[in-house]
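Novice: First, the structure itself, so that you have it in front of you.
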Amino acid sequence: MKILMLTWEYPPRVVGGIARVVYDLSKTLLKDGHDVTVITYRDGETPYFEDDKGVKVYRVDNYMINPNNFIDWVMQMNFNMLAKANAVIAEQGKFDVIHAHDWLVAYAAKTLKNSYNIPIVSTIHATEAGRNSGIHDEQQRYINDTEWMLTYESAEVIVNSNYMKNELQKLFGLPYEKINVVANGVNLNLFNGIERDYDFRRKYAMDNERIILFMGRLVYEKGVQHLISAMPKILEGYHDAKLVICGKGGMLDELKRQVEAMGIANKVYFAGYMSGKDVQKMYKVADVSVFPSTYEPFGIVALEAMLSENPVVVSDIGGLNEIVEHRANGMKAYCGNPNSLADSILELLYDHKLCSEITKKAKNKVRNQYNWSKIAQDTHFTYQKAICQSMAEKQKRELEQERARKTKKAKNTEKEITNLLSFKKRQAYA
């Protein structure tokens with residue numbers, strides 16, 4: 001297949017989890033023999049075109065005109081993506097399927113679909129209503145409506161958990177059979193050759209301190225505030241603990257104020273944004289990884305921690321709730337409950353046997369269920385469904401057009417016969 005991926009982030013530009021999903025999926029589809037082209041936003045000094053080990057990556061700037069707001073910025077990006085896609089199609093021929101990742105590329109995908117009759121498969125990684133616990137202002141309503149439009153225009157929709165399938169069905173009224181659950185995955189070789197680096201560890205904690213790790217964006221729905229609130233109880237039960245927070249986001253200053261107000265600044269370290277090898281090293285030196293999200297469609301970070309043999313504690317919400325089985329391959333805590341978080345974390349800090357059992361089962365589950373080979377096959381099957389559906393709809397349209405043409409011809413013939421009879425009748429009277 002010739003596959004066109006539309007995404008607003010692709011490495012080295014990483015905003016959230018979409019970049020990693022598109023990168024790993026594209027690479028695996030390429031290995032399976034497909035032709036993959038990615039059109040994405042250009043950040044910094046990255047090249048406009050890159051042959052990323054077989055994956056053709058085209059990057060577009062935004063217009064020189066400064067947008068008034070984020071919505072205008074997204075629209076300008078879509079115009080440039082569309083222009084680039086048209087140029088690529090003119091040069092290389094039509095694609096078999098468009099894979100659109102989230103609402104940010106919806107308008108480019110819709111226009112290409114209508115211009116070239118190419119089916120869309122869209123992946124909805126998260127919803128605006130889910131992120132904000134509802135729709136509260138006009139910008140959120142606009143994004144929500146654009147998400148609906150993208151799912152409406154798509155032949156098939158992909159989500160990464162049953163939780164998200166239910167959310168989309170309720171939110172947009174989509175037919176249940178149109179929504180395909182294809183889990184996200186993780187590169188199984190991610191931690192090959194990565195050992196516990198004690199010099200690296202000493203940058204963040206003393207040798208006697210056990211590291212409690214949070215890795216992710218510093219935004220409300222990731223629940224970091226609840227993890228910080230759990231620290232007094234954790235420190236009361238296990239004094240030699242240190243919370244290391246890795247990530248950036250709009251809540252950073254607020255979280256720092258929270259730590260200062262609680263008087264635990266010496267036990268919480270804001271490590272900033274991490275990438276590449278530092279992420280892998282961080283998982284390896286941590287003792288417990290915690291993901292206390294209040295909204296989480298999937299949770300790739302949990303898979304990374306599990307693969308690194310780091311025991312995890314997660315909220316009993318969304319995709320995390322489906323990945324982790326309590327006390328089998330991880331620990332769960334009640335969503336938004338610092339007391340519950342502290343209990344699960346303390347149990348892991350004290351029970352080494354439980355940690356050992358959990359990490360072994362967790363790693364096996366990731367290897368068996370969340371490998372990209374399986375995910376790429378499931379995605380390819382969804383592409384086939386979309387193409388078959390598109391062909392069936394095209395045939396239906398052609399049949400309807402042929403039927404309409406025959407009906408019109410029959411009516412014209414009938415009219416001609418009536419006119420002829422009428423003419424002959426007038427002649428007879430004459």
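Naming works like this for the structure tokens: A, B, ... for the chains as they're shown, residue 1 at the start of each chain, ligands 1 onward in shown order.
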Pick out the residues sitting within 7 Å of Val36 of chain A, and hand them over as a PyMOL selection string; count only C-alpha atoms, and ignore anything fewer than 2 positions along from it in its own chain.
Specialist: chain A and resi 2-4+26+30+34+38+55-56
Novice: What residues in segment 166-264 of chain A get the DSSP label helix (DSSP H, G or I)? Please answer as a compact mmCIF listing (two decimals) with N, CA, C and O atoms, in the first residue's frame.
Specialist:
```
# COMPACT_ATOMS: atom_id res chain seq x y z
N ASN A 166 -15.62 3.56 23.90
CA ASN A 166 -16.87 3.95 24.56
C ASN A 166 -17.04 5.47 24.59
O ASN A 166 -18.14 5.99 24.40
N GLU A 167 -15.92 6.17 24.82
CA GLU A 167 -15.98 7.64 24.88
C GLU A 167 -16.41 8.23 23.53
O GLU A 167 -17.27 9.11 23.47
N LEU A 168 -15.80 7.74 22.44
CA LEU A 168 -16.14 8.26 21.12
C LEU A 168 -17.57 7.92 20.72
O LEU A 168 -18.26 8.73 20.10
N GLN A 169 -17.99 6.71 21.08
CA GLN A 169 -19.35 6.30 20.72
C GLN A 169 -20.38 7.19 21.40
O GLN A 169 -21.35 7.64 20.78
N LYS A 170 -20.13 7.50 22.66
CA LYS A 170 -21.06 8.35 23.41
C LYS A 170 -20.96 9.82 22.98
O LYS A 170 -21.97 10.51 22.86
N LEU A 171 -19.74 10.27 22.73
CA LEU A 171 -19.49 11.68 22.44
C LEU A 171 -19.97 12.08 21.05
O LEU A 171 -20.61 13.13 20.87
N PHE A 172 -19.68 11.23 20.05
CA PHE A 172 -19.96 11.60 18.66
C PHE A 172 -21.05 10.75 18.02
O PHE A 172 -21.41 10.98 16.86
N TYR A 176 -20.77 1.72 16.39
CA TYR A 176 -19.80 0.98 17.19
C TYR A 176 -18.81 0.21 16.32
O TYR A 176 -17.62 0.11 16.62
N GLU A 177 -19.32 -0.35 15.20
CA GLU A 177 -18.47 -1.17 14.33
C GLU A 177 -17.47 -0.34 13.53
O GLU A 177 -16.53 -0.89 12.95
N LYS A 178 -17.66 0.98 13.48
CA LYS A 178 -16.72 1.85 12.76
C LYS A 178 -15.46 2.14 13.58
O LYS A 178 -14.45 2.56 13.04
N TYR A 198 24.91 4.66 37.92
CA TYR A 198 24.89 5.27 39.26
C TYR A 198 25.35 6.72 39.24
O TYR A 198 24.87 7.53 40.04
N ASP A 199 26.28 7.07 38.36
CA ASP A 199 26.70 8.47 38.25
C ASP A 199 25.54 9.34 37.77
O ASP A 199 25.33 10.45 38.26
N PHE A 200 24.79 8.82 36.82
CA PHE A 200 23.60 9.53 36.32
C PHE A 200 22.56 9.67 37.45
O PHE A 200 21.96 10.73 37.63
N ARG A 201 22.41 8.60 38.23
CA ARG A 201 21.42 8.59 39.31
C ARG A 201 21.74 9.64 40.38
O ARG A 201 20.83 10.27 40.93
N TYR A 220 -2.74 19.33 33.87
CA TYR A 220 -3.66 18.88 34.91
C TYR A 220 -4.04 17.41 34.78
O TYR A 220 -4.05 16.66 35.77
N GLU A 221 -4.37 16.98 33.53
CA GLU A 221 -4.90 15.62 33.37
C GLU A 221 -3.88 14.52 33.65
O GLU A 221 -4.24 13.35 33.80
N LYS A 222 -2.58 14.88 33.75
CA LYS A 222 -1.56 13.87 34.08
C LYS A 222 -1.47 13.63 35.59
O LYS A 222 -0.79 12.70 36.02
N VAL A 224 -0.02 15.07 38.22
CA VAL A 224 1.21 15.23 39.02
C VAL A 224 0.90 15.86 40.38
O VAL A 224 1.54 15.55 41.39
N GLN A 225 -0.08 16.77 40.40
CA GLN A 225 -0.45 17.46 41.64
C GLN A 225 -0.88 16.47 42.73
O GLN A 225 -0.60 16.68 43.91
N HIS A 226 -1.52 15.38 42.33
CA HIS A 226 -1.96 14.37 43.32
C HIS A 226 -0.78 13.57 43.85
O HIS A 226 -0.75 13.18 45.02
N LEU A 227 0.20 13.34 42.97
CA LEU A 227 1.41 12.62 43.40
C LEU A 227 2.20 13.45 44.41
O LEU A 227 2.69 12.93 45.41
N ILE A 228 2.30 14.75 44.15
CA ILE A 228 2.99 15.64 45.10
C ILE A 228 2.23 15.65 46.43
O ILE A 228 2.85 15.60 47.52
N SER A 229 0.91 15.68 46.37
CA SER A 229 0.09 15.66 47.60
C SER A 229 0.27 14.36 48.39
O SER A 229 0.05 14.33 49.61
N ALA A 230 0.67 13.30 47.70
CA ALA A 230 0.86 12.00 48.37
C ALA A 230 2.21 11.92 49.08
O ALA A 230 2.42 11.04 49.94
N MET A 231 3.14 12.82 48.76
CA MET A 231 4.51 12.72 49.28
C MET A 231 4.62 12.78 50.82
O MET A 231 5.41 12.02 51.39
N PRO A 232 3.86 13.66 51.52
CA PRO A 232 4.00 13.66 52.99
C PRO A 232 3.72 12.29 53.61
O PRO A 232 4.46 11.84 54.50
N LYS A 233 2.69 11.60 53.14
CA LYS A 233 2.38 10.27 53.69
C LYS A 233 3.47 9.26 53.31
O LYS A 233 3.84 8.40 54.11
N ILE A 234 3.97 9.36 52.08
CA ILE A 234 5.05 8.47 51.63
C ILE A 234 6.30 8.68 52.49
O ILE A 234 6.91 7.72 52.97
N LEU A 235 6.67 9.94 52.71
CA LEU A 235 7.87 10.26 53.50
C LEU A 235 7.71 9.87 54.97
O LEU A 235 8.69 9.50 55.62
N GLU A 236 6.49 9.94 55.44
CA GLU A 236 6.23 9.50 56.83
C GLU A 236 6.47 8.00 56.96
O GLU A 236 6.99 7.52 57.98
N GLY A 237 6.09 7.25 55.93
CA GLY A 237 6.26 5.80 55.97
C GLY A 237 7.63 5.34 55.51
O GLY A 237 8.10 4.26 55.88
N LEU A 252 4.09 23.85 35.47
CA LEU A 252 5.38 23.77 36.16
C LEU A 252 5.48 24.73 37.34
O LEU A 252 5.80 24.30 38.47
N ASP A 253 5.20 26.01 37.13
CA ASP A 253 5.32 27.00 38.21
C ASP A 253 4.35 26.71 39.34
O ASP A 253 4.69 26.83 40.53
N GLU A 254 3.15 26.31 38.98
CA GLU A 254 2.13 25.99 39.99
C GLU A 254 2.56 24.80 40.84
O GLU A 254 2.39 24.80 42.07
N LEU A 255 3.15 23.79 40.21
CA LEU A 255 3.61 22.60 40.94
C LEU A 255 4.78 22.94 41.85
O LEU A 255 4.87 22.43 42.97
N LYS A 256 5.66 23.82 41.40
CA LYS A 256 6.79 24.24 42.24
C LYS A 256 6.29 25.00 43.47
O LYS A 256 6.81 24.80 44.58
N ARG A 257 5.27 25.83 43.27
CA ARG A 257 4.68 26.55 44.41
C ARG A 257 4.03 25.57 45.38
O ARG A 257 4.10 25.75 46.60
N GLN A 258 3.39 24.54 44.85
CA GLN A 258 2.76 23.52 45.69
C GLN A 258 3.80 22.81 46.56
O GLN A 258 3.59 22.62 47.76
N VAL A 259 4.94 22.46 45.96
CA VAL A 259 6.02 21.79 46.69
C VAL A 259 6.58 22.69 47.79
O VAL A 259 6.80 22.24 48.93
N GLU A 260 6.79 23.97 47.46
CA GLU A 260 7.31 24.93 48.45
C GLU A 260 6.33 25.10 49.61
O GLU A 260 6.72 25.10 50.78
N ALA A 261 5.05 25.23 49.28
CA ALA A 261 4.02 25.42 50.30
C ALA A 261 3.92 24.23 51.24
O ALA A 261 3.62 24.37 52.43
N MET A 262 4.19 23.02 50.72
CA MET A 262 4.12 21.80 51.53
C MET A 262 5.41 21.56 52.31
O MET A 262 5.47 20.64 53.14
```
Novice: For Glu304 of chain A, which residue out of A:Ile135, A:Ala362, A:Met64, A:Ala19 is the nearest one, using only C-alpha atoms?
Specialist: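 For Glu304 of chain A, the nearest of the candidates is A:Ala362.
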Novice: Set the distance at 7 Å and use only C-alpha atoms: which residues neighbour segment 319-322 of chain A once local chain neighbours fewer than 6 positions away are removed? I'd like the list as a list in words.
Specialist: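 Residues meeting the cut-off are Ser161, Tyr163, Glu296, Pro297, Phe298 and Gly299 of chain A.
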Novice: Using the selection just defined, write its residues with C-alpha atoms as a PDB file, in the first residue's frame.
Specialist:
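Writing done, so here's selection30.pdb:
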```
ATOM      1  CA  SER A 161      -8.328   1.398  24.211  1.00  0.00           C
ATOM      2  CA  TYR A 163     -12.231   3.156  27.195  1.00  0.00           C
ATOM      3  CA  GLU A 296      -5.502   8.872  29.990  1.00  0.00           C
ATOM      4  CA  PRO A 297      -6.714   7.324  26.714  1.00  0.00           C
ATOM      5  CA  PHE A 298      -3.784   4.891  26.704  1.00  0.00           C
ATOM      6  CA  GLY A 299      -0.474   5.592  28.500  1.00  0.00           C
TER       7      GLY A 299
END
```
Novice: Which distance in Å separates atom CA of Ser390 of chain A and atom CA of Ile120 of chain A, to one decimal?
Specialist: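 These two atoms are separated by 9.3 Å.
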Novice: Name the closest residue to Gly193 of chain A among the candidates A:Gly249, A:Asn62, A:Gly17, A:Lys284; distances are taken between atoms, counting only C-alpha atoms.
Specialist: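 The shortest atom-to-atom distance to Gly193 of chain A comes from A:Lys284.
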Novice: Name all residues at most 8 Å from Leu348 of chain A (count only C-alpha atoms; drop same-chain ones fewer than 5 positions away) and give them as a list in words.
Specialist: Val288, Pro311, Leu354 and Cys355 of chain A
Novice: Between A:Tyr10, A:Tyr273, A:Tyr63, A:Tyr204, which residue has the minimum interatomic distance to Thr46 of chain A, considering only C-alpha atoms?
Specialist: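 Once distances to Thr46 of chain A are computed over only C-alpha atoms, the minimum belongs to A:Tyr10.
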Novice: My list of candidates is A:Asn419, A:Asn310, A:Gln139, A:Ser315. Which is closest to Tyr295 of chain A when distances are computed with only C-alpha atoms?
Specialist: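 Among the listed residues, the smallest separation from Tyr295 of chain A belongs to A:Ser315.
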Novice: As a list of chain:residue names, please: all residues of segment 261-383 of chain A that backbone DSSP puts in strand (DSSP E or B).
Specialist: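 The residues of segment 261-383 of chain A classed as strand (DSSP E or B) are A:Val268, A:Tyr269, A:Phe270, A:Ala271, A:Gly272, A:Val288, A:Ser289, A:Val290, A:Phe291, A:Val312, A:Val313, A:Val314, A:Ser315, A:His326, A:Gly330, A:Met331, A:Lys332, A:Ala333.
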Novice: If you keep all heavy atoms, can you produce a file of those selected residues as a short mmCIF file (atom, residue, chain, number, x, y, z; two decimals), in the first residue's frame?
Specialist:
```cif
data_model
loop_
_atom_site.label_atom_id
_atom_site.label_comp_id
_atom_site.auth_asym_id
_atom_site.auth_seq_id
_atom_site.Cartn_x
_atom_site.Cartn_y
_atom_site.Cartn_z
N VAL A 268 11.66 16.71 46.46
CA VAL A 268 11.06 16.72 45.11
C VAL A 268 12.04 17.42 44.17
O VAL A 268 12.46 18.55 44.43
CB VAL A 268 9.69 17.44 45.08
CG1 VAL A 268 9.12 17.43 43.67
CG2 VAL A 268 8.72 16.78 46.06
N TYR A 269 12.39 16.74 43.06
CA TYR A 269 13.35 17.30 42.12
C TYR A 269 12.68 17.45 40.76
O TYR A 269 12.18 16.47 40.18
CB TYR A 269 14.56 16.39 42.01
CG TYR A 269 15.72 16.98 41.21
CD1 TYR A 269 16.78 17.59 41.84
CD2 TYR A 269 15.72 16.91 39.82
CE1 TYR A 269 17.84 18.14 41.12
CE2 TYR A 269 16.76 17.46 39.08
CZ TYR A 269 17.81 18.07 39.74
OH TYR A 269 18.85 18.62 39.02
N PHE A 270 12.64 18.68 40.22
CA PHE A 270 12.11 18.93 38.88
C PHE A 270 13.26 18.81 37.89
O PHE A 270 14.11 19.69 37.80
CB PHE A 270 11.45 20.30 38.82
CG PHE A 270 10.15 20.38 39.57
CD1 PHE A 270 10.13 20.77 40.92
CD2 PHE A 270 8.95 20.07 38.95
CE1 PHE A 270 8.94 20.84 41.62
CE2 PHE A 270 7.75 20.13 39.65
CZ PHE A 270 7.74 20.52 40.98
N ALA A 271 13.28 17.69 37.16
CA ALA A 271 14.42 17.39 36.29
C ALA A 271 14.29 18.01 34.90
O ALA A 271 15.24 17.97 34.12
CB ALA A 271 14.56 15.87 36.15
N GLY A 272 13.12 18.58 34.59
CA GLY A 272 12.92 19.18 33.27
C GLY A 272 12.62 18.15 32.21
O GLY A 272 12.46 16.96 32.49
N VAL A 288 10.41 3.16 41.46
CA VAL A 288 8.97 3.03 41.19
C VAL A 288 8.60 4.13 40.20
O VAL A 288 9.00 5.29 40.36
CB VAL A 288 8.11 3.20 42.47
CG1 VAL A 288 6.63 3.06 42.13
CG2 VAL A 288 8.51 2.20 43.53
N SER A 289 7.82 3.78 39.17
CA SER A 289 7.30 4.79 38.24
C SER A 289 5.81 4.98 38.51
O SER A 289 5.08 3.98 38.65
CB SER A 289 7.51 4.35 36.79
OG SER A 289 8.88 4.40 36.45
N VAL A 290 5.39 6.23 38.57
CA VAL A 290 4.00 6.53 38.94
C VAL A 290 3.35 7.39 37.86
O VAL A 290 3.92 8.42 37.46
CB VAL A 290 3.92 7.26 40.30
CG1 VAL A 290 2.47 7.41 40.74
CG2 VAL A 290 4.72 6.50 41.36
N PHE A 291 2.15 6.97 37.42
CA PHE A 291 1.39 7.71 36.40
C PHE A 291 -0.03 7.92 36.92
O PHE A 291 -0.92 7.11 36.68
CB PHE A 291 1.42 6.94 35.09
CG PHE A 291 2.81 6.59 34.66
CD1 PHE A 291 3.28 5.28 34.74
CD2 PHE A 291 3.69 7.58 34.22
CE1 PHE A 291 4.58 4.96 34.38
CE2 PHE A 291 5.00 7.27 33.86
CZ PHE A 291 5.45 5.97 33.94
N VAL A 312 5.26 -0.28 38.32
CA VAL A 312 4.45 0.91 38.05
C VAL A 312 3.26 1.01 39.00
O VAL A 312 2.71 -0.01 39.45
CB VAL A 312 3.95 0.94 36.59
CG1 VAL A 312 5.11 0.98 35.62
CG2 VAL A 312 3.03 -0.23 36.29
N VAL A 313 2.88 2.26 39.27
CA VAL A 313 1.63 2.57 39.97
C VAL A 313 0.85 3.50 39.06
O VAL A 313 1.39 4.51 38.58
CB VAL A 313 1.88 3.27 41.33
CG1 VAL A 313 0.56 3.63 41.99
CG2 VAL A 313 2.71 2.38 42.24
N VAL A 314 -0.42 3.14 38.77
CA VAL A 314 -1.22 3.95 37.85
C VAL A 314 -2.60 4.23 38.46
O VAL A 314 -3.05 3.52 39.36
CB VAL A 314 -1.41 3.24 36.49
CG1 VAL A 314 -0.07 2.93 35.84
CG2 VAL A 314 -2.24 1.96 36.64
N SER A 315 -3.26 5.25 37.92
CA SER A 315 -4.66 5.51 38.29
C SER A 315 -5.55 4.46 37.64
O SER A 315 -5.26 3.98 36.56
CB SER A 315 -5.09 6.89 37.78
OG SER A 315 -4.33 7.90 38.37
N HIS A 326 -4.06 -5.07 38.96
CA HIS A 326 -3.58 -4.75 40.31
C HIS A 326 -2.90 -5.94 40.98
O HIS A 326 -3.43 -7.04 41.02
CB HIS A 326 -4.75 -4.27 41.18
CG HIS A 326 -4.34 -3.75 42.52
ND1 HIS A 326 -3.43 -2.73 42.68
CD2 HIS A 326 -4.71 -4.12 43.78
CE1 HIS A 326 -3.26 -2.48 43.96
NE2 HIS A 326 -4.02 -3.32 44.65
N GLY A 330 1.41 -4.69 38.10
CA GLY A 330 1.54 -3.31 38.54
C GLY A 330 0.59 -3.05 39.70
O GLY A 330 -0.08 -3.96 40.18
N MET A 331 0.55 -1.81 40.14
CA MET A 331 -0.35 -1.42 41.22
C MET A 331 -1.28 -0.31 40.73
O MET A 331 -0.89 0.53 39.92
CB MET A 331 0.45 -0.90 42.43
CG MET A 331 1.42 -1.92 43.01
SD MET A 331 0.62 -3.29 43.87
CE MET A 331 0.12 -2.48 45.40
N LYS A 332 -2.51 -0.32 41.23
CA LYS A 332 -3.47 0.72 40.89
C LYS A 332 -3.79 1.55 42.12
O LYS A 332 -3.68 1.08 43.26
CB LYS A 332 -4.77 0.11 40.34
CG LYS A 332 -4.64 -0.51 38.97
CD LYS A 332 -6.01 -1.02 38.50
CE LYS A 332 -5.88 -1.82 37.22
NZ LYS A 332 -7.17 -2.37 36.78
N ALA A 333 -4.21 2.78 41.84
CA ALA A 333 -4.67 3.67 42.92
C ALA A 333 -5.96 4.33 42.44
O ALA A 333 -6.17 4.49 41.23
CB ALA A 333 -3.62 4.73 43.23
#
```
Novice: Tell me which protein, DNA and RNA residues are within 9 Å of Lys385 of chain A, counting only C-alpha atoms, leaving out same-chain ones fewer than 5 positions away, and put them as number ranges by chain.
Specialist: A: 155-156, 380, 390
Novice: Restrict the selected residues to N, CA and C atoms and save them as a tab-separated table (two decimals), in the first residue's frame.
Specialist:
```tsv
chain	number	residue	atom	x	y	z
A	155	ALA	N	-13.49	6.75	6.88
A	155	ALA	CA	-14.11	5.45	6.58
A	155	ALA	C	-14.04	4.54	7.80
A	156	GLU	N	-12.92	4.62	8.52
A	156	GLU	CA	-12.72	3.85	9.74
A	156	GLU	C	-12.00	4.74	10.76
A	380	HIS	N	-3.03	-2.26	9.39
A	380	HIS	CA	-3.14	-2.59	7.96
A	380	HIS	C	-4.51	-3.18	7.65
A	390	SER	N	-14.63	2.14	0.74
A	390	SER	CA	-14.56	3.24	-0.22
A	390	SER	C	-14.90	2.75	-1.63
```
Novice: Restricting the calculation to only C-alpha atoms: of A:Leu104, A:Asn184, A:Glu393, A:Asn189, which residue gets closest to Glu147 of chain A?
Specialist: A:Leu104
Novice: Please provide the set of residues having any atom within 9 Å of segment 85-92 of chain A, restricted to only C-alpha atoms, with same-chain residues fewer than 4 positions apart removed, written as a list of chain:residue names.
Specialist: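 Counting only C-alpha atoms, the residues come to A:Leu4, A:Ile39, A:Tyr58, A:Asn80, A:Met81, A:Ala108, A:Leu112.
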Novice: Once you have the residues from the selection above, write them out as a PDB file, in the first residue's frame, restricted to all heavy atoms.
Specialist:
```
ATOM      1  N   LEU A   4      -0.299   7.612   3.309  1.00  0.00           N
ATOM      2  CA  LEU A   4       0.053   8.992   3.657  1.00  0.00           C
ATOM      3  C   LEU A   4      -0.326   9.254   5.109  1.00  0.00           C
ATOM      4  O   LEU A   4      -1.499   9.148   5.483  1.00  0.00           O
ATOM      5  CB  LEU A   4      -0.694   9.985   2.757  1.00  0.00           C
ATOM      6  CG  LEU A   4      -0.513  11.475   3.098  1.00  0.00           C
ATOM      7  CD1 LEU A   4       0.951  11.890   2.977  1.00  0.00           C
ATOM      8  CD2 LEU A   4      -1.408  12.347   2.227  1.00  0.00           C
ATOM      9  N   ILE A  39       3.676  13.643   6.264  1.00  0.00           N
ATOM     10  CA  ILE A  39       3.706  15.103   6.151  1.00  0.00           C
ATOM     11  C   ILE A  39       3.445  15.667   7.539  1.00  0.00           C
ATOM     12  O   ILE A  39       2.449  15.326   8.178  1.00  0.00           O
ATOM     13  CB  ILE A  39       2.672  15.626   5.133  1.00  0.00           C
ATOM     14  CG1 ILE A  39       3.016  15.105   3.728  1.00  0.00           C
ATOM     15  CG2 ILE A  39       2.642  17.154   5.137  1.00  0.00           C
ATOM     16  CD1 ILE A  39       2.067  15.560   2.643  1.00  0.00           C
ATOM     17  N   TYR A  58       8.107  14.721   4.852  1.00  0.00           N
ATOM     18  CA  TYR A  58       8.050  16.092   4.352  1.00  0.00           C
ATOM     19  C   TYR A  58       7.591  16.994   5.499  1.00  0.00           C
ATOM     20  O   TYR A  58       6.597  16.693   6.174  1.00  0.00           O
ATOM     21  CB  TYR A  58       7.063  16.208   3.191  1.00  0.00           C
ATOM     22  CG  TYR A  58       7.480  15.450   1.955  1.00  0.00           C
ATOM     23  CD1 TYR A  58       7.104  14.113   1.779  1.00  0.00           C
ATOM     24  CD2 TYR A  58       8.235  16.059   0.954  1.00  0.00           C
ATOM     25  CE1 TYR A  58       7.484  13.404   0.654  1.00  0.00           C
ATOM     26  CE2 TYR A  58       8.626  15.356  -0.185  1.00  0.00           C
ATOM     27  CZ  TYR A  58       8.242  14.026  -0.328  1.00  0.00           C
ATOM     28  OH  TYR A  58       8.622  13.328  -1.454  1.00  0.00           O
ATOM     29  N   ASN A  80      -0.736  24.496   4.413  1.00  0.00           N
ATOM     30  CA  ASN A  80       0.599  24.147   3.913  1.00  0.00           C
ATOM     31  C   ASN A  80       0.759  22.639   3.749  1.00  0.00           C
ATOM     32  O   ASN A  80       1.443  22.179   2.829  1.00  0.00           O
ATOM     33  CB  ASN A  80       1.672  24.708   4.843  1.00  0.00           C
ATOM     34  CG  ASN A  80       1.955  26.170   4.564  1.00  0.00           C
ATOM     35  OD1 ASN A  80       1.396  26.752   3.638  1.00  0.00           O
ATOM     36  ND2 ASN A  80       2.816  26.778   5.356  1.00  0.00           N
ATOM     37  N   MET A  81       0.154  21.862   4.651  1.00  0.00           N
ATOM     38  CA  MET A  81       0.173  20.401   4.498  1.00  0.00           C
ATOM     39  C   MET A  81      -0.528  19.987   3.200  1.00  0.00           C
ATOM     40  O   MET A  81      -0.070  19.095   2.481  1.00  0.00           O
ATOM     41  CB  MET A  81      -0.517  19.740   5.697  1.00  0.00           C
ATOM     42  CG  MET A  81       0.312  19.674   6.952  1.00  0.00           C
ATOM     43  SD  MET A  81      -0.548  18.731   8.242  1.00  0.00           S
ATOM     44  CE  MET A  81       0.800  18.401   9.367  1.00  0.00           C
ATOM     45  N   ALA A 108      -6.898  19.245   6.203  1.00  0.00           N
ATOM     46  CA  ALA A 108      -6.052  18.762   5.105  1.00  0.00           C
ATOM     47  C   ALA A 108      -6.515  17.378   4.661  1.00  0.00           C
ATOM     48  O   ALA A 108      -6.626  17.101   3.460  1.00  0.00           O
ATOM     49  CB  ALA A 108      -4.588  18.725   5.552  1.00  0.00           C
ATOM     50  N   LEU A 112      -8.112  16.429   0.883  1.00  0.00           N
ATOM     51  CA  LEU A 112      -7.448  15.426   0.053  1.00  0.00           C
ATOM     52  C   LEU A 112      -8.388  14.274  -0.275  1.00  0.00           C
ATOM     53  O   LEU A 112      -8.395  13.759  -1.406  1.00  0.00           O
ATOM     54  CB  LEU A 112      -6.198  14.897   0.773  1.00  0.00           C
ATOM     55  CG  LEU A 112      -5.018  15.868   0.877  1.00  0.00           C
ATOM     56  CD1 LEU A 112      -3.973  15.342   1.845  1.00  0.00           C
ATOM     57  CD2 LEU A 112      -4.396  16.122  -0.501  1.00  0.00           C
TER      58      LEU A 112
END
```
Novice: Pick out the residues sitting within 9 Å of Val159 of chain A, and hand them over as number ranges by chain; count only C-alpha atoms, and ignore anything fewer than 6 positions along from it in its own chain.
Specialist: A: 122-126, 165, 168, 179-184, 297
Novice: Mind pulling up the distance from atom CA of Leu307 of chain A to atom CA of Leu190 of chain A?
Specialist: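 Pair atom CA of Leu190 of chain A / atom CA of Leu307 of chain A returns 8.2 Å.
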Novice: One decimal, in Å: what's the spacing between atom CA of Pro338 of chain A and atom CA of Asp316 of chain A?
Specialist: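 Separation between atom CA of Pro338 of chain A and atom CA of Asp316 of chain A: 12.9 Å.
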